[in-house]
Amino acid sequence: MLEPDDEDVQCVARCLRGDTSAFEPLVLKHQRVLFSVALRLVGNYEDARDVTQNAFIRAFERLDTFDPARKFFSWIYRIAVNESLNLRRGRRVQEPLEPTLEAPAQRDGVEAAELSERVREAIVALTPEQREVVVLKYFAEMSYEEISDALGLPEKTVKSRLFTARQQLGARLTMHAANAS
Amino acid sequence: MTEHEYQDTEIESLLGKRQMREVEPPAELEAAIMKEVVGAERRFSAWRRWQRARRGTILAGQLAAGTNSPRGRTQWEPARAGLLWGGKGAVLVGISALAVVVIATFAITGFPPGSRGTEGMIGRSKNADGLQQFLDSDTWDRLMKNKPMQAELRTIFSDQRLMSALADPELSARLATHDLASALATPGLSTVLGSADFEAALANPQIHTALGDARVQAALRNPNVRSATASGTLNSVKSDPDLVAAQRAPGFQAVVNNPALTKAFATPAFATALGHPAFEAALGNAEFVAAVENPAFEAALARPAFRNALGDANFQAALANGSFRAALTDTTLQSRLRAALASAMNQH
């Protein structure tokens, strides 16, 4: 029995040998998370769609450089993040995210859903620089060192930005709770 | 709702929740990606497809080898493969050990250009009646009257992996590509490969081993070394690092001292054939790569007796017979094949 990660590697091997249909399970399995990260990094649904599509295609084209010592997911995750960052840098995106474009969360309770929505709105209100480090840290689950490499910032700046971002998020959520009550 | 002051740790916890992370992608995204992927595959050059197919083959082999997850390894462990890291020339030279064996086999035996046709490959009758008909045929009778063939068949019948390879109805079709036939038609190539000396060189285990050694491959990649080898002036490049390294490889001297090989290296047709776009295209065919990379097939090709068998019209007829091929992978029918062989060996 193959491990789930080995199933990915098996698909990679089949793709490399010319069986493009083997790429489909990889898309189905990973598109949701990649799209979610891209959406939060680039700021709108259409760009996130393009970034996700480009990330998969770029990964397909570079499959022969994939090192099976790594997880396929980690590898393509990094590609998607880089695609997102490149798009942001290229367009110098400064405009805020469009919260209405985001799909609703899986609702496991009205209160939890409301809270998730408020967190999302609070993230949207962050500055692009703060939002970037939050997404990379918590959604892309990158280490400080990895974020530092990806953004070309000193690690201490990354930590400091993250701390400030969390402070901002906390303040906004607290303010929202106060207004609601 | 009650007033609540959010602390830093709570914010961290909220951000880490899964429902915060995932958003449903557009419904048409998957189809759009797959359409682009199919287009990308079509745009790959033959060379690129070959590179990818080779890596895919190695990766599949690692998974199939029961090593389970490739993770835990620090890097690729291709069995034959420093050649993966080089450029196009490196790969061509790197595969030369295999390629020349395959080319030579085809050039010498005439198999498979011209092909055996596909009619015999279709319709894999696995029933015993079909095998019995084959064993009663003139083809089998003629095979059994050929002593070297008897010995080779006994060797083949004792090698399950090779039998499986030969039983593959696609194998000969894979090898009989127009691209390969075109590459083999390179003017002058058959003259080089068809010489008895060249065949003898390939049959030399030392040479075969040396050509598979990364250090030898590196030296042969080096134009100075290759030129000096061809002209017999190896001493003029004796301080070349590639040559110094290659000299430590077992069998290297056998390569550079072999007249047939040095003649081949010096022959433009040989280099032309390996660099022939059609040959390159053949190498870009994943199925071709899979066929020639079958370890059992590759090992068998190194045996002169097997190459001779491939050139034998009756053996070709046997391989074209669906019942015979079916018997190669059916344990019950294998027993009947072995028994028929043993019986014939006792009679003749």
# chains A, B, ... in the order shown; residues from 1 in each chain; ligands from 1
call {"tool": "closest_atom_pairs", "arguments": {"of": "chain A", "to": "chain B", "cutoff": "6 Å", "atoms": "only C-alpha atoms", "output": "Markdown table"}}
result
| residue | atom | partner | partner_atom | distance |
| --- | --- | --- | --- | --- |
| A:Asp6 | CA | B:Ser69 | CA | 5.9 |
| A:Ala13 | CA | B:Gly56 | CA | 4.2 |
| A:Leu16 | CA | B:Gly56 | CA | 4.8 |
| A:Arg17 | CA | B:Ala53 | CA | 4.2 |
| A:Arg32 | CA | B:Pro25 | CA | 5.7 |
| A:Val33 | CA | B:Glu22 | CA | 5.5 |
| A:Phe35 | CA | B:Pro25 | CA | 5.9 |
| A:Ser36 | CA | B:Val23 | CA | 5.0 |
| A:Gln53 | CA | B:Ile33 | CA | 5.6 |
| A:Asp64 | CA | B:Arg52 | CA | 5.5 |
| A:Pro68 | CA | B:Pro70 | CA | 5.7 |
| A:Ala69 | CA | B:Arg71 | CA | 4.0 |
| A:Ala103 | CA | B:Val23 | CA | 5.8 |
| A:Ala105 | CA | B:Gln19 | CA | 5.7 |
| A:Tyr138 | CA | B:Gly16 | CA | 5.9 |
| A:Phe139 | CA | B:Arg21 | CA | 5.7 |
| A:Gly170 | CA | B:Tyr6 | CA | 5.0 |
| A:Thr174 | CA | B:Glu5 | CA | 5.0 |
| A:Ala177 | CA | B:Glu3 | CA | 5.3 |
| A:Ala178 | CA | B:Glu3 | CA | 5.0 |
| A:Ser181 | CA | B:Met1 | CA | 5.0 |
call {"tool": "select_by_dssp", "arguments": {"residues": "chain A", "states": "alpha helix (DSSP H)", "output": "ChimeraX atom specification"}}
result
/A:4-16,24-42,45-61,72-91,110-124,128-134,144-151,155-180
call {"tool": "closest_residue", "arguments": {"among": "A:Val37, A:Leu87, A:Ala122, A:Val9", "to": "Lys137 of chain A", "atoms": "only C-alpha atoms"}}
result
A:Val37
call {"tool": "atom_distance", "arguments": {"atom1": "atom CA of Glu141 of chain A", "atom2": "atom CA of Ala165 of chain A"}}
result
15.9 Å
call {"tool": "closest_residue", "arguments": {"among": "B:Phe306, B:Phe315, B:Phe198, B:Phe265", "to": "Trp140 of chain B", "atoms": "only C-alpha atoms"}}
result
B:Phe315
call {"tool": "atom_distance", "arguments": {"atom1": "atom CA of Glu117 of chain A", "atom2": "atom CA of Leu26 of chain A"}}
result
29.1 Å
call {"tool": "residues_around", "arguments": {"residues": "Ser137 of chain B", "least_positions_apart": "2", "cutoff": "12 Å", "atoms": "only C-alpha atoms", "output": "MDAnalysis selection string"}}
result
chainID B and resid 130:135 139:144 314 317:318 321 323:324
call {"tool": "atom_distance", "arguments": {"atom1": "atom CA of Pro250 of chain B", "atom2": "atom CA of Ala218 of chain B"}}
result
14.3 Å
call {"tool": "decode", "arguments": {"residues": "segment 49-65 of chain A", "atoms": "C-alpha atoms", "output": "PDB file, in the first residue's frame"}}
result
ATOM      1  CA  ARG A  49      -7.189  31.753 -10.227  1.00  0.00           C
ATOM      2  CA  ASP A  50      -4.433  32.731 -12.659  1.00  0.00           C
ATOM      3  CA  VAL A  51      -1.730  32.255 -10.052  1.00  0.00           C
ATOM      4  CA  THR A  52      -3.009  28.808  -9.131  1.00  0.00           C
ATOM      5  CA  GLN A  53      -3.265  27.756 -12.743  1.00  0.00           C
ATOM      6  CA  ASN A  54       0.201  29.083 -13.502  1.00  0.00           C
ATOM      7  CA  ALA A  55       1.628  27.337 -10.465  1.00  0.00           C
ATOM      8  CA  PHE A  56       0.273  23.975 -11.569  1.00  0.00           C
ATOM      9  CA  ILE A  57       1.456  24.436 -15.136  1.00  0.00           C
ATOM     10  CA  ARG A  58       4.870  25.602 -14.019  1.00  0.00           C
ATOM     11  CA  ALA A  59       5.078  22.595 -11.727  1.00  0.00           C
ATOM     12  CA  PHE A  60       4.115  20.286 -14.574  1.00  0.00           C
ATOM     13  CA  GLU A  61       6.768  21.789 -16.809  1.00  0.00           C
ATOM     14  CA  ARG A  62       9.385  21.401 -14.106  1.00  0.00           C
ATOM     15  CA  LEU A  63       8.341  17.988 -12.849  1.00  0.00           C
ATOM     16  CA  ASP A  64      11.692  16.577 -13.851  1.00  0.00           C
ATOM     17  CA  THR A  65      13.312  18.828 -11.265  1.00  0.00           C
TER      18      THR A  65
END
